[in-house]
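Have a look at entry-v3.cif below; it lists mmCIF, C-alpha atoms.
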data_my_file
#
loop_
_atom_site.label_atom_id
_atom_site.label_comp_id
_atom_site.auth_asym_id
_atom_site.auth_seq_id
_atom_site.Cartn_x
_atom_site.Cartn_y
_atom_site.Cartn_z
CA MET Y 1 124.02 105.04 105.98
CA GLU Y 2 122.12 108.28 106.49
CA ARG Y 3 118.42 108.33 105.62
CA GLN Y 4 115.84 111.06 105.95
CA PHE Y 5 112.51 110.52 107.67
CA ARG Y 6 109.65 112.97 107.11
CA ILE Y 7 107.36 112.43 110.05
CA TYR Y 8 103.82 113.66 110.74
CA ARG Y 9 103.80 115.78 113.88
CA TYR Y 10 100.70 116.86 115.76
CA ASN Y 11 100.28 117.96 119.33
CA PRO Y 12 96.93 119.66 119.96
CA GLU Y 13 98.31 121.12 123.21
CA VAL Y 14 100.95 123.03 121.22
CA SER Y 15 99.29 123.74 117.87
CA PRO Y 16 95.98 122.78 116.28
CA THR Y 17 97.72 122.46 112.92
CA PRO Y 18 99.65 119.30 112.08
CA SER Y 19 102.96 119.54 110.25
CA PHE Y 20 105.79 117.37 108.96
CA LYS Y 21 109.27 117.39 110.46
CA THR Y 22 112.27 115.81 108.73
CA TYR Y 23 114.94 113.93 110.71
CA THR Y 24 118.22 112.50 109.44
CA VAL Y 25 119.10 109.13 110.95
CA ASP Y 26 122.28 107.06 110.69
CA VAL Y 27 120.53 103.80 109.81
CA GLN Y 28 122.26 100.49 110.56
CA PRO Y 29 121.94 97.43 108.29
CA ALA Y 30 118.68 95.45 108.74
CA TRP Y 31 117.00 98.26 110.64
CA THR Y 32 113.23 98.47 110.46
CA VAL Y 33 111.29 101.73 110.37
CA LEU Y 34 110.54 101.17 114.05
CA ASP Y 35 114.28 101.03 114.83
CA ALA Y 36 114.65 104.39 113.08
CA LEU Y 37 111.68 105.88 114.97
CA ASN Y 38 113.21 104.65 118.24
CA ALA Y 39 116.55 106.23 117.27
CA ILE Y 40 114.81 109.55 116.60
CA LYS Y 41 112.90 109.43 119.89
CA TRP Y 42 115.85 108.34 122.00
CA ASP Y 43 118.61 110.44 120.44
CA GLN Y 44 117.04 113.44 118.69
CA ASP Y 45 113.49 114.32 119.75
CA GLY Y 46 111.93 112.80 122.84
CA SER Y 47 108.59 114.43 122.05
CA LEU Y 48 107.96 112.15 119.06
CA THR Y 49 105.05 109.90 120.03
CA PHE Y 50 104.14 106.50 118.61
CA ARG Y 51 102.89 103.12 119.80
CA ARG Y 52 105.11 100.07 119.78
CA SER Y 53 105.48 96.93 121.83
CA CYS Y 54 106.58 93.52 120.58
CA ARG Y 55 108.92 94.50 117.69
CA HIS Y 56 108.01 91.21 115.98
CA GLY Y 57 104.84 91.90 113.99
CA ILE Y 58 102.60 90.20 116.52
CA CYS Y 59 101.09 92.86 118.79
CA GLY Y 60 99.78 95.18 116.05
CA SER Y 61 100.72 98.31 118.00
CA CYS Y 62 102.92 100.00 115.41
CA GLY Y 63 100.46 100.13 112.51
CA MET Y 64 101.11 103.33 110.56
CA LYS Y 65 101.31 104.70 107.03
CA ILE Y 66 104.80 104.43 105.60
CA ASN Y 67 105.45 106.01 102.21
CA GLY Y 68 101.72 106.07 101.61
CA LYS Y 69 101.06 102.42 102.47
CA ASN Y 70 99.69 100.98 105.69
CA GLY Y 71 101.98 98.56 107.46
CA LEU Y 72 103.78 97.66 110.64
CA ALA Y 73 106.81 99.83 111.39
CA CYS Y 74 108.51 96.83 113.02
CA GLU Y 75 108.20 94.70 109.87
CA ILE Y 76 109.23 97.14 107.16
CA GLN Y 77 112.95 97.26 106.46
CA VAL Y 78 114.34 100.74 105.85
CA GLU Y 79 116.44 99.28 103.00
CA SER Y 80 113.24 98.35 101.14
CA LEU Y 81 112.16 102.00 100.93
CA LYS Y 82 113.46 104.55 98.48
CA GLY Y 83 114.19 108.25 98.99
CA VAL Y 84 112.85 110.27 101.90
CA ILE Y 85 110.67 108.02 104.05
CA THR Y 86 107.34 109.59 104.97
CA VAL Y 87 105.70 108.27 108.13
CA GLU Y 88 102.10 109.19 108.98
CA PRO Y 89 99.44 107.92 111.40
CA LEU Y 90 96.81 105.47 110.12
CA HIS Y 91 94.25 107.27 107.99
CA GLY Y 92 90.58 107.31 108.98
CA PHE Y 93 91.08 107.37 112.75
CA ARG Y 94 91.12 110.48 114.94
CA ILE Y 95 94.71 111.49 115.58
CA LEU Y 96 95.56 111.94 119.25
CA ARG Y 97 99.19 112.93 118.85
CA ASP Y 98 101.89 112.44 116.20
CA LEU Y 99 101.54 108.81 115.04
CA VAL Y 100 99.06 107.78 117.75
CA THR Y 101 95.42 107.37 116.71
CA ASP Y 102 92.25 106.88 118.71
CA MET Y 103 91.39 103.17 118.38
CA ASP Y 104 88.36 103.18 120.74
CA GLY Y 105 85.84 102.97 117.90
CA PHE Y 106 87.85 100.27 116.17
CA PHE Y 107 87.85 98.06 119.27
CA ALA Y 108 84.18 98.83 120.02
CA HIS Y 109 83.35 97.39 116.60
CA ILE Y 110 85.46 94.30 117.29
CA GLU Y 111 83.61 93.79 120.57
CA ALA Y 112 80.24 94.30 118.86
CA VAL Y 113 80.64 91.13 116.79
CA LYS Y 114 81.11 89.06 119.99
CA PRO Y 115 84.63 87.80 119.31
CA TRP Y 116 84.43 84.75 121.48
CA LEU Y 117 83.22 81.17 121.09
CA ILE Y 118 79.47 80.88 121.67
CA ALA Y 119 78.84 77.19 122.21
CA GLY Y 120 75.47 75.60 122.84
CA THR Y 121 76.86 73.00 125.22
CA PRO Y 122 78.32 73.57 128.68
CA PRO Y 123 82.14 73.73 129.00
CA THR Y 124 83.92 70.42 129.23
CA ASP Y 125 86.88 69.58 131.45
CA GLY Y 126 89.27 69.67 128.51
CA GLU Y 127 89.45 71.57 125.25
CA ARG Y 128 86.65 71.71 122.70
CA LEU Y 129 88.21 69.56 119.99
CA GLN Y 130 87.59 69.81 116.26
CA SER Y 131 88.86 67.83 113.29
CA PRO Y 132 91.96 69.03 111.40
CA GLU Y 133 89.67 69.70 108.39
CA ASP Y 134 87.37 71.92 110.45
CA ARG Y 135 90.34 73.67 111.99
CA LYS Y 136 91.75 74.33 108.52
CA GLN Y 137 88.65 76.40 107.67
CA LEU Y 138 89.90 79.01 110.15
CA ASP Y 139 93.18 79.57 108.30
CA GLY Y 140 93.33 83.14 107.11
CA LEU Y 141 90.81 84.22 109.73
CA TYR Y 142 92.43 83.68 113.12
CA GLU Y 143 95.77 85.35 112.40
CA CYS Y 144 94.51 88.95 112.65
CA ILE Y 145 96.65 91.01 115.06
CA LEU Y 146 94.18 93.94 115.26
CA CYS Y 147 96.64 96.52 113.97
CA GLY Y 148 93.86 98.44 112.17
CA ALA Y 149 95.71 98.66 108.84
CA CYS Y 150 92.75 97.18 106.92
CA THR Y 151 90.03 99.32 108.48
CA SER Y 152 92.23 102.39 108.05
CA ALA Y 153 92.58 101.61 104.33
CA CYS Y 154 88.82 101.19 103.78
CA PRO Y 155 87.17 104.08 101.87
CA SER Y 156 83.76 103.04 103.24
CA TYR Y 157 85.16 103.51 106.75
CA TRP Y 158 86.71 106.88 105.86
CA VAL Y 159 83.29 108.33 105.09
CA ASN Y 160 81.39 106.38 107.76
CA ASP Y 161 83.19 105.42 110.93
CA ASP Y 162 80.01 103.70 112.12
CA PHE Y 163 80.73 100.96 109.55
CA LEU Y 164 81.98 97.87 111.39
CA GLY Y 165 84.98 97.75 109.08
CA PRO Y 166 87.01 94.86 107.65
CA ALA Y 167 88.84 93.93 110.87
CA ALA Y 168 85.62 93.46 112.87
CA LEU Y 169 83.99 91.51 110.04
CA LEU Y 170 87.07 89.29 109.66
CA LYS Y 171 86.93 88.67 113.42
CA ALA Y 172 83.22 87.80 113.13
CA ALA Y 173 84.01 85.34 110.31
CA ARG Y 174 86.68 83.71 112.48
CA TYR Y 175 83.96 82.64 114.95
CA VAL Y 176 81.07 82.16 112.50
CA MET Y 177 83.18 79.73 110.43
CA ASP Y 178 84.28 77.81 113.54
CA THR Y 179 82.40 74.49 113.58
CA ARG Y 180 82.28 74.61 117.40
CA ASP Y 181 80.53 77.98 117.43
CA GLU Y 182 76.73 78.21 117.52
CA GLY Y 183 76.43 81.97 117.93
CA PHE Y 184 75.72 83.06 114.36
CA ALA Y 185 72.09 83.92 115.13
CA GLU Y 186 73.29 86.12 118.02
CA ARG Y 187 75.64 87.97 115.70
CA VAL Y 188 73.13 88.49 112.90
CA ASP Y 189 71.73 91.66 114.51
CA VAL Y 190 75.02 93.46 114.21
CA LEU Y 191 76.18 91.86 110.93
CA ASP Y 192 72.88 92.58 109.15
CA SER Y 193 72.65 96.10 110.56
CA ARG Y 194 72.75 99.23 108.44
CA ASN Y 195 76.43 99.69 109.29
CA GLY Y 196 77.30 96.02 109.02
CA LEU Y 197 78.07 93.73 106.09
CA TRP Y 198 76.29 95.82 103.45
CA ARG Y 199 78.54 98.84 103.77
CA CYS Y 200 81.44 96.90 102.24
CA HIS Y 201 81.71 97.73 98.54
CA THR Y 202 84.43 95.12 97.82
CA ILE Y 203 87.07 97.71 97.08
CA PHE Y 204 89.83 95.29 98.25
CA ASN Y 205 91.96 98.02 99.89
CA CYS Y 206 91.83 95.97 103.09
CA VAL Y 207 93.40 92.99 101.34
CA GLU Y 208 96.22 95.14 100.01
CA ALA Y 209 96.80 96.81 103.39
CA CYS Y 210 96.91 93.76 105.66
CA PRO Y 211 100.49 93.19 106.89
CA LYS Y 212 99.60 89.56 107.63
CA SER Y 213 98.38 88.92 104.05
CA LEU Y 214 94.85 88.13 105.22
CA ASN Y 215 91.78 88.61 103.05
CA PRO Y 216 88.99 90.45 104.92
CA THR Y 217 86.99 90.86 101.69
CA GLU Y 218 86.81 87.08 101.28
CA ALA Y 219 85.75 86.78 104.92
CA ILE Y 220 82.96 89.29 104.28
CA VAL Y 221 81.80 87.27 101.27
CA LYS Y 222 81.75 84.13 103.44
CA LEU Y 223 79.60 85.93 106.02
CA ARG Y 224 77.21 87.08 103.29
CA GLN Y 225 76.94 83.50 102.00
CA LYS Y 226 76.24 82.26 105.53
CA LEU Y 227 73.61 84.96 106.07
CA THR Y 228 71.99 84.14 102.74
CA ALA Y 229 71.78 80.48 103.74
CA LEU Y 230 70.21 81.48 107.07
CA LYS Y 231 67.61 83.80 105.55
CA ILE Y 232 66.54 81.77 102.53
CA MET Z 1 81.66 103.38 123.49
CA THR Z 2 78.41 102.52 121.75
CA VAL Z 3 78.14 101.10 118.26
CA ASN Z 4 75.68 102.74 115.85
CA ARG Z 5 73.93 99.75 114.28
CA GLY Z 6 70.87 101.48 112.81
CA HIS Z 7 67.41 100.00 113.08
CA GLY Z 8 66.18 96.51 112.23
CA SER Z 9 67.55 94.70 109.23
CA GLY Z 10 70.41 96.51 107.58
CA GLY Z 11 69.27 95.39 104.18
CA PHE Z 12 69.85 91.72 103.45
CA TRP Z 13 66.85 91.55 101.11
CA TRP Z 14 67.78 94.84 99.43
CA TRP Z 15 71.29 93.55 98.91
CA LEU Z 16 69.98 90.25 97.52
CA MET Z 17 67.62 92.06 95.13
CA GLN Z 18 70.54 94.21 93.98
CA ARG Z 19 72.48 91.03 93.14
CA VAL Z 20 69.48 89.40 91.43
CA THR Z 21 68.66 92.49 89.34
CA GLY Z 22 72.36 92.84 88.51
CA ILE Z 23 72.41 89.30 87.11
CA LEU Z 24 69.08 89.76 85.26
CA LEU Z 25 70.22 93.07 83.86
CA PHE Z 26 72.85 91.43 81.70
CA PRO Z 27 70.62 89.23 79.44
CA VAL Z 28 67.82 91.80 79.30
CA LEU Z 29 70.23 94.60 78.39
CA LEU Z 30 71.90 92.37 75.80
CA LEU Z 31 68.54 91.53 74.23
CA HIS Z 32 67.52 95.19 74.23
CA TYR Z 33 70.82 96.19 72.66
CA VAL Z 34 70.67 93.55 69.93
CA ALA Z 35 67.04 94.32 69.07
CA THR Z 36 67.45 98.08 69.16
CA HIS Z 37 70.92 98.71 67.81
CA LEU Z 38 71.99 95.65 65.84
CA GLN Z 39 68.85 95.02 63.83
CA THR Z 40 69.31 94.40 60.12
CA SER Z 41 67.53 97.55 58.99
CA HIS Z 42 69.68 100.68 58.95
CA PHE Z 43 66.68 102.90 59.55
CA VAL Z 44 64.63 103.08 62.74
CA GLU Z 45 61.04 103.15 61.54
CA TYR Z 46 58.25 104.04 63.97
CA ASP Z 47 55.76 101.53 62.58
CA LYS Z 48 58.21 98.63 62.84
CA ILE Z 49 59.25 99.54 66.40
CA ALA Z 50 55.63 100.12 67.45
CA ALA Z 51 54.57 96.74 66.06
CA ARG Z 52 57.36 94.98 67.95
CA VAL Z 53 56.72 96.82 71.23
CA ALA Z 54 53.03 95.92 70.98
CA THR Z 55 53.67 92.16 71.15
CA PRO Z 56 53.07 90.59 74.61
CA THR Z 57 56.61 89.20 74.76
CA TRP Z 58 58.21 92.57 74.14
CA LYS Z 59 55.82 94.30 76.52
CA PHE Z 60 56.83 91.86 79.22
CA LEU Z 61 60.53 92.27 78.40
CA ASN Z 62 60.31 96.06 78.36
CA ILE Z 63 58.42 96.22 81.65
CA ALA Z 64 60.94 93.79 83.16
CA PHE Z 65 63.79 95.93 81.81
CA LEU Z 66 62.20 99.07 83.27
CA THR Z 67 61.70 97.43 86.66
CA ILE Z 68 65.19 95.94 86.83
CA VAL Z 69 67.01 99.07 85.67
CA LEU Z 70 65.13 101.41 87.98
CA PHE Z 71 65.62 99.20 91.03
CA HIS Z 72 69.28 98.45 90.32
CA GLY Z 73 70.21 102.03 89.44
CA LEU Z 74 68.34 103.79 92.22
CA TYR Z 75 69.30 101.28 94.91
CA GLY Z 76 72.92 101.59 93.75
CA LEU Z 77 72.68 105.36 94.17
CA TRP Z 78 71.04 104.95 97.59
CA ASN Z 79 73.74 102.51 98.65
CA VAL Z 80 76.43 105.07 97.86
CA LEU Z 81 74.51 107.84 99.65
CA LEU Z 82 74.10 105.66 102.76
CA ASP Z 83 77.85 105.76 103.29
CA TYR Z 84 77.56 109.49 103.92
CA LEU Z 85 74.30 109.52 105.89
CA SER Z 86 74.96 107.34 108.93
CA LYS Z 87 74.99 110.32 111.28
CA LYS Z 88 72.29 112.31 109.41
CA PRO Z 89 68.96 110.53 110.01
CA ALA Z 90 66.78 113.48 108.88
CA LEU Z 91 68.62 113.93 105.59
CA ARG Z 92 68.59 110.14 105.14
CA ALA Z 93 64.79 110.09 105.42
CA VAL Z 94 64.42 113.01 103.00
CA LEU Z 95 66.74 111.50 100.39
CA PHE Z 96 65.16 108.06 100.70
CA SER Z 97 61.72 109.58 100.13
CA LEU Z 98 63.07 111.54 97.17
CA ILE Z 99 64.62 108.47 95.55
CA VAL Z 100 61.45 106.41 96.06
CA THR Z 101 59.36 109.25 94.59
CA ILE Z 102 61.65 109.61 91.58
CA GLY Z 103 61.64 105.83 91.10
CA LEU Z 104 57.84 105.57 91.23
CA ALA Z 105 57.39 108.57 88.92
CA LEU Z 106 59.79 107.11 86.35
CA TYR Z 107 58.15 103.70 86.69
CA VAL Z 108 54.68 105.12 86.02
CA LEU Z 109 56.04 107.19 83.12
CA GLY Z 110 57.62 104.03 81.67
CA LEU Z 111 54.46 101.97 82.11
CA VAL Z 112 52.19 104.55 80.47
CA THR Z 113 54.64 104.66 77.57
CA ILE Z 114 54.92 100.88 77.10
CA ILE Z 115 51.41 99.64 77.83
CA PRO Z 116 49.31 101.66 75.32
CA PHE Z 117 51.06 100.19 72.25
CA SER Z 118 48.68 97.80 70.53
CA ALA Z 119 49.00 95.61 67.48
#

Could you write out this structure as structure tokens?
Amino acid sequence: MERQFRIYRYNPEVSPTPSFKTYTVDVQPAWTVLDALNAIKWDQDGSLTFRRSCRHGICGSCGMKINGKNGLACEIQVESLKGVITVEPLHGFRILRDLVTDMDGFFAHIEAVKPWLIAGTPPTDGERLQSPEDRKQLDGLYECILCGACTSACPSYWVNDDFLGPAALLKAARYVMDTRDEGFAERVDVLDSRNGLWRCHTIFNCVEACPKSLNPTEAIVKLRQKLTALKI
Amino acid sequence: MTVNRGHGSGGFWWWLMQRVTGILLFPVLLLHYVATHLQTSHFVEYDKIAARVATPTWKFLNIAFLTIVLFHGLYGLWNVLLDYLSKKPALRAVLFSLIVTIGLALYVLGLVTIIPFSA
């Protein structure tokens, strides 16, 4: 079945002005948008540039805006989309070329919240165990694949890319809520900074955008509760 | 790549005060609305209003209302402006000073209006 794909094209070495180019693809049953993008790149236009890796919704490489909504190209079935399919890079990030965005700032913010276990005791020979109940508290926090869909959907981030953003705050919550972690005080500086927790205006776009159905807004509320308990 | 964190506390106490004033705003606003707009008399008479405003309870309520509304409204405005001012420290300082000045001026204006009423 033939489908049309209207794809954002931008190559600063050729033209400073971005444009859209439409491709017609003979789509096979059960194809994802990524399959169609691959077909365009391999058979029609080798200059089309996009990130992809695992094809299974795990690596987070192929985050992009498809028919106006953020998602993973490898997870969205072409059959689920109507009409001409518009594919754009994630909003809010600097566009390097076509569908490829500059994620340096995004990952700098992730790193700023110290996304690793900070334990007060020296490492043991085995694993640091926790009860099933404690482990369950991390559900909805640990599954983030760092695709950037949530941060890219955040209006606070659009106007202020210094804001840590929902992905970094969700990552912070993943460690702060871990009963084995004792690093909350170390993370307070960045969480309680001018561009930290308080720049979230609970707009909930991040919740809608997450392809893994996570809830960064709830994670931010949990961090605020934890910070309130620490300060008062 | 460095991360622009800003200086010192990013505003936990400001945020908490915004929540507290937001919660307090509801009963105080409701009381103000009922007393001002749903009173039994169809006519707003100066003497009646002046006599009510002169009572200690209403003075306290009106000053509380003034304080809560000014803080909540102006901090809300500042919070929106902050989104746009992360990379503009000079403009941020100017606008913060302006908002504080406007807030203090309105507060003083409110106080000199409320306090002189006497029974």

Have a look at Y:Trp116, Y:Phe163, Y:Trp42, Y:Tyr175 and name the one nearest to Leu82 (chain Z); count only C-alpha atoms. Y:Phe163

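The spacing separating CA of Ile68 (chain Z) from CA of Ile102 (chain Z) amounts to 14.9 Å.
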
Straight-line distance linking CA of Val33 (chain Y) with CA of Glu13 (chain Y), stated in Å to one decimal: 26.6 Å

Kindly resolve the PyMOL selection byres ((chain Y) within 8 of (chain Z)) on the present coordinates and return the residues as an mmCIF file with C-alpha atoms, keeping the file's coordinate frame.
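As a result, part.cif now contains:
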data_model
loop_
_atom_site.group_PDB
_atom_site.id
_atom_site.type_symbol
_atom_site.label_atom_id
_atom_site.label_comp_id
_atom_site.auth_asym_id
_atom_site.auth_seq_id
_atom_site.Cartn_x
_atom_site.Cartn_y
_atom_site.Cartn_z
ATOM 1 C CA ASP Y 104 88.360 103.180 120.740
ATOM 2 C CA GLY Y 105 85.840 102.970 117.900
ATOM 3 C CA ALA Y 108 84.180 98.830 120.020
ATOM 4 C CA HIS Y 109 83.350 97.390 116.600
ATOM 5 C CA ALA Y 112 80.240 94.300 118.860
ATOM 6 C CA SER Y 156 83.760 103.040 103.240
ATOM 7 C CA VAL Y 159 83.290 108.330 105.090
ATOM 8 C CA ASN Y 160 81.390 106.380 107.760
ATOM 9 C CA ASP Y 162 80.010 103.700 112.120
ATOM 10 C CA ASP Y 189 71.730 91.660 114.510
ATOM 11 C CA VAL Y 190 75.020 93.460 114.210
ATOM 12 C CA ASP Y 192 72.880 92.580 109.150
ATOM 13 C CA SER Y 193 72.650 96.100 110.560
ATOM 14 C CA ARG Y 194 72.750 99.230 108.440
ATOM 15 C CA ASN Y 195 76.430 99.690 109.290
ATOM 16 C CA GLY Y 196 77.300 96.020 109.020
ATOM 17 C CA TRP Y 198 76.290 95.820 103.450
ATOM 18 C CA ARG Y 199 78.540 98.840 103.770
ATOM 19 C CA THR Y 228 71.990 84.140 102.740
#

Would you list the contacts of Leu227 (chain Y) as a PDB file with C-alpha atoms, keeping the file's coordinate frame, taking every protein, DNA or RNA residue within 10 Å and counting only C-alpha atoms, but skipping same-chain residues closer than 6 positions in sequence?
ATOM      1  CA  PHE Y 184      75.720  83.060 114.360  1.00  0.00           C
ATOM      2  CA  ALA Y 185      72.090  83.920 115.130  1.00  0.00           C
ATOM      3  CA  VAL Y 188      73.130  88.490 112.900  1.00  0.00           C
ATOM      4  CA  LEU Y 191      76.180  91.860 110.930  1.00  0.00           C
ATOM      5  CA  ASP Y 192      72.880  92.580 109.150  1.00  0.00           C
ATOM      6  CA  LEU Y 197      78.070  93.730 106.090  1.00  0.00           C
ATOM      7  CA  VAL Y 221      81.800  87.270 101.270  1.00  0.00           C
TER       8      VAL Y 221
ATOM      9  CA  PHE Z  12      69.850  91.720 103.450  1.00  0.00           C
TER      10      PHE Z  12
END

Identify all residues satisfying the PyMOL selection byres ((chain Y and resi 113) around 7) in the given file; provide them as a list of chain:residue names.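 That expression, the PyMOL selection byres ((chain Y and resi 113) around 7), corresponds here to Y:His109, Y:Ile110, Y:Glu111, Y:Ala112, Y:Lys114, Y:Pro115, Y:Ala168, Y:Ala172, Y:Arg187, Y:Val190.
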
To one decimal place, how far is CA of Leu104 (chain Z) from CA of Leu70 (chain Z) in Å? 9.0 Å

Evaluate the PyMOL selection byres ((chain Z and resi 23-39) around 9) on the structure here and hand back the selected residues as a compact mmCIF listing (two decimals) with C-alpha atoms, keeping the file's coordinate frame.
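File produced: part-v3.txt:
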# COMPACT_ATOMS: atom_id res chain seq x y z
CA GLN Z 18 70.54 94.21 93.98
CA ARG Z 19 72.48 91.03 93.14
CA VAL Z 20 69.48 89.40 91.43
CA THR Z 21 68.66 92.49 89.34
CA GLY Z 22 72.36 92.84 88.51
CA THR Z 40 69.31 94.40 60.12
CA SER Z 41 67.53 97.55 58.99
CA HIS Z 42 69.68 100.68 58.95
CA VAL Z 44 64.63 103.08 62.74
CA ILE Z 49 59.25 99.54 66.40
CA LEU Z 61 60.53 92.27 78.40
CA ASN Z 62 60.31 96.06 78.36
CA ALA Z 64 60.94 93.79 83.16
CA PHE Z 65 63.79 95.93 81.81
CA ILE Z 68 65.19 95.94 86.83
CA VAL Z 69 67.01 99.07 85.67
CA HIS Z 72 69.28 98.45 90.32

Would you kindly place N, CA and C atoms on region 192-208 of chain Y and return the model as a PDB file, in the frame of the given file?
ATOM      1  N   ASP Y 192      73.909  92.160 110.114  1.00  0.00           N
ATOM      2  CA  ASP Y 192      72.880  92.580 109.150  1.00  0.00           C
ATOM      3  C   ASP Y 192      72.318  93.956 109.533  1.00  0.00           C
ATOM      4  N   SER Y 193      73.101  94.751 110.215  1.00  0.00           N
ATOM      5  CA  SER Y 193      72.650  96.100 110.560  1.00  0.00           C
ATOM      6  C   SER Y 193      73.021  97.054 109.421  1.00  0.00           C
ATOM      7  N   ARG Y 194      72.499  98.258 109.509  1.00  0.00           N
ATOM      8  CA  ARG Y 194      72.750  99.230 108.440  1.00  0.00           C
ATOM      9  C   ARG Y 194      74.253  99.505 108.269  1.00  0.00           C
ATOM     10  N   ASN Y 195      74.995  99.424 109.365  1.00  0.00           N
ATOM     11  CA  ASN Y 195      76.430  99.690 109.290  1.00  0.00           C
ATOM     12  C   ASN Y 195      77.259  98.400 109.337  1.00  0.00           C
ATOM     13  N   GLY Y 196      76.609  97.303 108.997  1.00  0.00           N
ATOM     14  CA  GLY Y 196      77.300  96.020 109.020  1.00  0.00           C
ATOM     15  C   GLY Y 196      77.816  95.593 107.667  1.00  0.00           C
ATOM     16  N   LEU Y 197      77.513  94.342 107.311  1.00  0.00           N
ATOM     17  CA  LEU Y 197      78.070  93.730 106.090  1.00  0.00           C
ATOM     18  C   LEU Y 197      77.843  94.525 104.814  1.00  0.00           C
ATOM     19  N   TRP Y 198      76.700  95.229 104.743  1.00  0.00           N
ATOM     20  CA  TRP Y 198      76.290  95.820 103.450  1.00  0.00           C
ATOM     21  C   TRP Y 198      77.017  97.118 103.137  1.00  0.00           C
ATOM     22  N   ARG Y 199      77.792  97.621 104.058  1.00  0.00           N
ATOM     23  CA  ARG Y 199      78.540  98.840 103.770  1.00  0.00           C
ATOM     24  C   ARG Y 199      79.884  98.545 103.074  1.00  0.00           C
ATOM     25  N   CYS Y 200      80.217  97.262 102.961  1.00  0.00           N
ATOM     26  CA  CYS Y 200      81.440  96.900 102.240  1.00  0.00           C
ATOM     27  C   CYS Y 200      81.130  96.917 100.746  1.00  0.00           C
ATOM     28  N   HIS Y 201      81.929  97.657  99.983  1.00  0.00           N
ATOM     29  CA  HIS Y 201      81.710  97.730  98.540  1.00  0.00           C
ATOM     30  C   HIS Y 201      82.795  96.961  97.775  1.00  0.00           C
ATOM     31  N   THR Y 202      83.384  96.000  98.412  1.00  0.00           N
ATOM     32  CA  THR Y 202      84.430  95.120  97.820  1.00  0.00           C
ATOM     33  C   THR Y 202      85.480  95.906  97.026  1.00  0.00           C
ATOM     34  N   ILE Y 203      86.040  96.865  97.695  1.00  0.00           N
ATOM     35  CA  ILE Y 203      87.070  97.710  97.080  1.00  0.00           C
ATOM     36  C   ILE Y 203      88.452  97.033  97.147  1.00  0.00           C
ATOM     37  N   PHE Y 204      88.603  96.103  98.088  1.00  0.00           N
ATOM     38  CA  PHE Y 204      89.830  95.290  98.250  1.00  0.00           C
ATOM     39  C   PHE Y 204      91.025  96.045  98.826  1.00  0.00           C
ATOM     40  N   ASN Y 205      90.842  97.307  99.254  1.00  0.00           N
ATOM     41  CA  ASN Y 205      91.960  98.020  99.890  1.00  0.00           C
ATOM     42  C   ASN Y 205      92.443  97.267 101.133  1.00  0.00           C
ATOM     43  N   CYS Y 206      91.485  96.670 101.851  1.00  0.00           N
ATOM     44  CA  CYS Y 206      91.830  95.970 103.090  1.00  0.00           C
ATOM     45  C   CYS Y 206      92.785  94.811 102.820  1.00  0.00           C
ATOM     46  N   VAL Y 207      92.556  94.132 101.696  1.00  0.00           N
ATOM     47  CA  VAL Y 207      93.400  92.990 101.340  1.00  0.00           C
ATOM     48  C   VAL Y 207      94.829  93.473 101.068  1.00  0.00           C
ATOM     49  N   GLU Y 208      94.912  94.583 100.354  1.00  0.00           N
ATOM     50  CA  GLU Y 208      96.220  95.140 100.010  1.00  0.00           C
ATOM     51  C   GLU Y 208      96.947  95.648 101.256  1.00  0.00           C
TER      52      GLU Y 208
END
